[in-house]
Every structure is written in C-alpha cells, then in structure tokens.
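Student: Below is a structure I'd like to ask you about.
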Amino acid sequence: MKVGVGYSLHPDSREAARKAARFAVARSGPPAITFLFTTEGYNQEEILETVMAETGTPKLVGASGAGIITAEGIKKQGVEVVTLAGEEITARTALVEMLSERADETGRELAERLLSGPALDEGTLFVFPDGLAGNIARMLRGIYDVLGPRFTYAGGGTGDNMRFFRTYQMTETGVASGAVAAALVAGCSFATGIGHGWEPFGPPLLITRTKGKVVFEIDEQPAFQVYSRRLGGITGKKFPDCAVRHPLGVPDLSGRFIIRDPFKLGANDSIEFVTEVPYRAVAYLMRYTSPESLIRAALEATVQARNSVKFPGFALIFNCVSHFLLMGEHADRELEAIRNTLGELPVAGFLTFGEVGSCSSGPPLFHNKTFLIAIGGTSSR
C-alpha cells in the first residue's frame, strides 16, 4: 500500500486541483481510489475534472467542508487530495440523492449499489452526506440494515463556509448537492477513534415533543424555557453564545454521549437543532470546561485508532466545524498534539457538519461537535 497526500491553497480551481493531485500521485503512484476534500469558493466541477485527469483514478469520493485539515494546520480555503494505491486495494463508490423524507430507503439504496458485483465480506465505508439535510441518522440506519456489522464506518457531513446554503458531494461520476457520496474500500485495514470532551451536568431531561430538527417541548414544557432555567435564566439574546457551549448529550447503550447541537430559537420557545433529537430521548445538558478537555478527547481517540492498526500508513480526520470554532486559537495546538502522536504518518481531512462513526462495534451514528479519526494501514509490511 502506498499513500500520497497533497494540497494547495491557490485561488484558481484548476491550478489548486492540479498542484494537489500531482503532489499526491507522485508519492503513491496510480491510485486505486482518491479522496478529494475542498472548500467553498471554487468551481467544484473543474476541481473534480482536473483531479481525475491528473491522477487517472478509477474511483473517487469527495466532500466540501468549512476547511481542509493538513499536516501544517487547518486551512479555511484549499483543495486536498489523498491517493491510495496498491494491488490489494479495491474500491466501489456511489452517489445518491439524499431524500430526507425517505432517508431509510436512501441508505439502503446506497448500500445495495456498493454491494453490487463480487461479494465483499469486509471493508470500510466512508460516507459523506449533505450536512444540511435532514434525517441523516435514519439514512445511516438504512445503510446498516444492508451492510451490517461486517464493515467499519467513518465520514462526515459536507459543509460550506458557515452560510448554510449549499454543500457538495462527489464521486468519479460527478458533483452533486443535496446528496450522499460514499466509498467502500477493501484491502486496507482501518480503525476509528471518536471523542468530544463534553461533560454532562444537572439531572436528565426528557424530549417530549419534536418535529424534524425542531424540539418544541422538554419535560412537557416549552423547550427554551427549560433550557434557559437550567442555565440560570438566560435571554434569547444570549442563546447563540450559550448554545455553542451547552449542547445536549443523548447517552447511547454503552453510556457514551451523542452530542446534539442547538442551532437557533424558533416560534413559541422552540429550539432548532443541527441534527434531529429523538422523541422521548433522555438527554443531558452538556458543558465545555476547557480546551484541554477537547484536546484530551481527540488524543484518546487518536491513540485508540493508532493502537488498533498493526502497520499504520495514514490518517483521515473528520472534525466538527463547531468544535474548531469553539477551540479558536487552540485548534492548531490540538492538531499539533495529534501530529506528534502520529509521528510521520500523512494526515488529511476536513471540517465537517456532523460526523459519522460508531462509538463501539454497533451501527454508525451521526454526531455533532465531535472529533473522528480513521487510521488506515496493513496487517503486514
């Protein structure tokens, strides 16, 4: 297995794609699959066309984000290319329209397309849904209904520059918006680590009325009134700042918390979240204590993944943009600590609108405000 990683911050779409692709493929040779991470401000079709031409890749999966993650830091604008080569590597890709009202069917259709052809008993599914879509968690359940526990899952929601307007998903077949792009990769072992560093406080809450991403009632009372009281009686004007620091946490079966990020206030003291909060879910108010707590969680996730791959070759990082914004000037310190832990391993990734991964061996979940790393390698040199 050989890996190449290249990126460019050049403002011209074709030039940025050309530089990033040439740098990557010069180190890997002809790839079996290419990962493409971009930001807003580029012509995405020109980027895809150029990367395909420069790499000669038969398979590609790509996503837009609020920034690219490089070994030299997080860049708010750029193009990054990861090429994975080796005779043992096989890959299949799919690009499917993300229909929120038929999310389960979308997931099953995606998985069935990826399984068409010779049988695959194991591999890793990288999935990049439109981060602005609804019912992503249901779509992931649809995927799991078909693929099941044989596969590892990783990825993240595609994003933009925080305008919440349009995001992009890509495969070798083209560029889409409002879709989900995925790649099923075999012949390379991947291990994932996931963590967020948020801590619960106060007694549990019960989600008693929801519709889509909007929570109308908590404990059978208007949602914001309950949220406000828990934080000492905050006003609507203070909600944006408090929401960044106090998301909800929903415990899973293992007792770990799945974070749900409040987005904005709605009518009648309702709260709209970035991702759906399940009806009748038990949730806790979470708090951010310090940059060190988030850095520690990211390092623990990195070590967990690193120790699960016998001969690691590279790392892909999917880090929530709200996590990055909350960290502020400490974000590069977090990445530096991760790089020190990984040593000379090539690193790439992007700032996501939600993260896809499993906390244990169970089905993939959709997370907010969370750090996820997937380390690829081999069982022998």
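Identifiers for the structure tokens are assigned positionally: chains receive A, B, ... in sequence, residues are indexed from 1 per chain, and ligands are indexed from 1 in the order shown.
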Which of stretch 112-279 of chain A counts as helix (DSSP H, G or I) under DSSP, as a ChimeraX atom specification please?

Tutor: /A:112-115,136-150,223-230,236-245,267-269

Student: Would you tabulate, counting only C-alpha atoms, all residues of stretch 292-321 of chain A that have an atom at most 9 Å from an atom of stretch 325-339 of chain A, showing the closest pair of atoms and their distance in Å to one decimal, sorted by chain then ascending number, as a tab-separated table?

Tutor:
```
residue	atom	partner	partner_atom	distance
A:Glu292	CA	A:Glu334	CA	8.6
A:Leu294	CA	A:Met327	CA	8.2
A:Ile295	CA	A:Glu334	CA	5.4
A:Arg296	CA	A:Glu334	CA	8.7
A:Ala298	CA	A:Ile338	CA	7.6
A:Leu299	CA	A:Ile338	CA	6.1
A:Thr302	CA	A:Ile338	CA	7.0
A:Val303	CA	A:Ile338	CA	9.0
A:Cys320	CA	A:Leu325	CA	8.8
A:Val321	CA	A:Leu325	CA	6.2
```

Student: Determine, counting only C-alpha atoms, which protein, DNA and RNA residues have an atom within 12 Å of an atom of A:Val175; residues of the same chain fewer than 4 positions away are not included. Present the result as a PyMOL selection string.

Tutor: chain A and resi 36+38+43-49+60-64+94-97+167-171+179-181

Student: Grab the residues selected above and save them as a short mmCIF file (atom, residue, chain, number, x, y, z; two decimals), in the first residue's frame with C-alpha atoms.

Tutor:
```cif
data_model
loop_
_atom_site.label_atom_id
_atom_site.label_comp_id
_atom_site.auth_asym_id
_atom_site.auth_seq_id
_atom_site.Cartn_x
_atom_site.Cartn_y
_atom_site.Cartn_z
CA LEU A 36 -10.92 14.76 -2.51
CA THR A 38 -12.46 21.01 -0.96
CA ASN A 43 -15.66 25.64 -9.21
CA GLN A 44 -16.21 22.11 -7.92
CA GLU A 45 -16.76 20.60 -11.37
CA GLU A 46 -13.42 21.99 -12.57
CA ILE A 47 -11.69 20.62 -9.48
CA LEU A 48 -13.14 17.14 -9.98
CA GLU A 49 -12.33 17.10 -13.70
CA LEU A 60 -13.01 8.89 -6.30
CA VAL A 61 -15.05 10.12 -3.36
CA GLY A 62 -15.12 13.76 -2.31
CA ALA A 63 -16.67 16.27 0.02
CA SER A 64 -16.74 20.00 0.64
CA ALA A 94 -21.94 5.56 -5.08
CA LEU A 95 -23.62 8.97 -5.28
CA VAL A 96 -27.31 9.04 -4.32
CA GLU A 97 -29.77 11.88 -3.88
CA THR A 167 -22.62 21.79 0.12
CA TYR A 168 -21.04 19.40 -2.36
CA GLN A 169 -20.66 15.64 -2.64
CA MET A 170 -18.54 13.96 -5.32
CA THR A 171 -17.60 10.69 -6.92
CA ALA A 179 -26.85 14.02 -1.97
CA VAL A 180 -24.71 11.47 -0.17
CA ALA A 181 -21.38 10.25 -1.58
#
```

Student: What's the separation between atom CA of A:Thr55 and atom CA of A:Ile373, in Å to one decimal place?

Tutor: 24.8 Å

Student: Could you check the closest approach to A:Pro240 for each of A:Glu355, A:Glu272, A:Glu88, A:Asp104 and tell me which residue wins, using only C-alpha atoms?

Tutor: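 Nearest to A:Pro240: A:Glu272.
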
Student: Quote the spacing between atom CA of A:Gly376 and atom CA of A:Met52 in Å to one decimal place.

Tutor: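 We find that atom CA of A:Gly376 and atom CA of A:Met52 lie 22.4 Å from each other.
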
Student: Rounded to one decimal place, report the atom CA of A:Ala186-atom CA of A:Leu140 distance in Å.

Tutor: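 Calculated distance between atom CA of A:Ala186 and atom CA of A:Leu140 is 19.6 Å.
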
Student: Find, counting only C-alpha atoms, the residue in A:Glu40, A:Glu220, A:Glu54, A:Glu112 that gets nearest to A:Ala20.

Tutor: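 Comparing A:Glu40, A:Glu220, A:Glu54, A:Glu112 against A:Ala20, the winner is A:Glu54.
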
Student: Which residue is closest to A:Lys75? Choose from A:Leu9, A:Val250, A:Leu147, A:Ile136 and count only C-alpha atoms.

Tutor: A:Leu9

Student: Would you list the contacts of stretch 80-84 of chain A as number ranges by chain, taking every protein, DNA or RNA residue within 7 Å and counting only C-alpha atoms, but skipping same-chain residues closer than 5 positions in sequence?

Tutor: A: 2-8, 20-21, 24-25, 28, 31-38, 68

Student: Next, the residues of the selection above should be written as a PDB file, in the first residue's frame with C-alpha atoms.

Tutor:
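Listed below is the output, selection_1.pdb:
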```
ATOM      1  CA  LYS A   2       1.240   3.469  -0.905  1.00  0.00           C
ATOM      2  CA  VAL A   3      -0.343   6.779   0.077  1.00  0.00           C
ATOM      3  CA  GLY A   4       0.048  10.269  -1.319  1.00  0.00           C
ATOM      4  CA  VAL A   5      -1.299  13.484   0.212  1.00  0.00           C
ATOM      5  CA  GLY A   6      -1.183  16.860  -1.473  1.00  0.00           C
ATOM      6  CA  TYR A   7      -2.946  20.149  -1.001  1.00  0.00           C
ATOM      7  CA  SER A   8      -2.960  23.626  -2.496  1.00  0.00           C
ATOM      8  CA  ALA A  20      -2.658  18.954  -5.026  1.00  0.00           C
ATOM      9  CA  ALA A  21      -3.233  15.965  -7.322  1.00  0.00           C
ATOM     10  CA  ALA A  24      -0.245  13.195  -4.100  1.00  0.00           C
ATOM     11  CA  VAL A  25       0.094  10.866  -7.062  1.00  0.00           C
ATOM     12  CA  SER A  28       1.589   6.931  -4.317  1.00  0.00           C
ATOM     13  CA  PRO A  31      -4.274   5.152  -7.217  1.00  0.00           C
ATOM     14  CA  ALA A  32      -6.997   2.598  -6.719  1.00  0.00           C
ATOM     15  CA  ILE A  33      -9.081   5.316  -5.047  1.00  0.00           C
ATOM     16  CA  THR A  34      -8.757   9.040  -4.458  1.00  0.00           C
ATOM     17  CA  PHE A  35     -10.217  11.124  -1.633  1.00  0.00           C
ATOM     18  CA  LEU A  36     -10.921  14.760  -2.515  1.00  0.00           C
ATOM     19  CA  PHE A  37     -11.620  17.453   0.091  1.00  0.00           C
ATOM     20  CA  THR A  38     -12.461  21.009  -0.958  1.00  0.00           C
ATOM     21  CA  ILE A  68      -9.261  21.328   4.984  1.00  0.00           C
TER      22      ILE A  68
END
```

Student: I need the residue nearest A:Arg138 from this list: A:Tyr42, A:Phe224, A:Leu365, A:Tyr288. Use only C-alpha atoms for the distance.

Tutor: A:Leu365

Student: Return the single residue from A:Glu105, A:Glu87, A:Asp145, A:Asp160 that is closest to A:Phe350, with distances computed using only C-alpha atoms.

Tutor: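 Going through A:Glu105, A:Glu87, A:Asp145, A:Asp160 one by one, the smallest distance to A:Phe350 is for A:Asp160.
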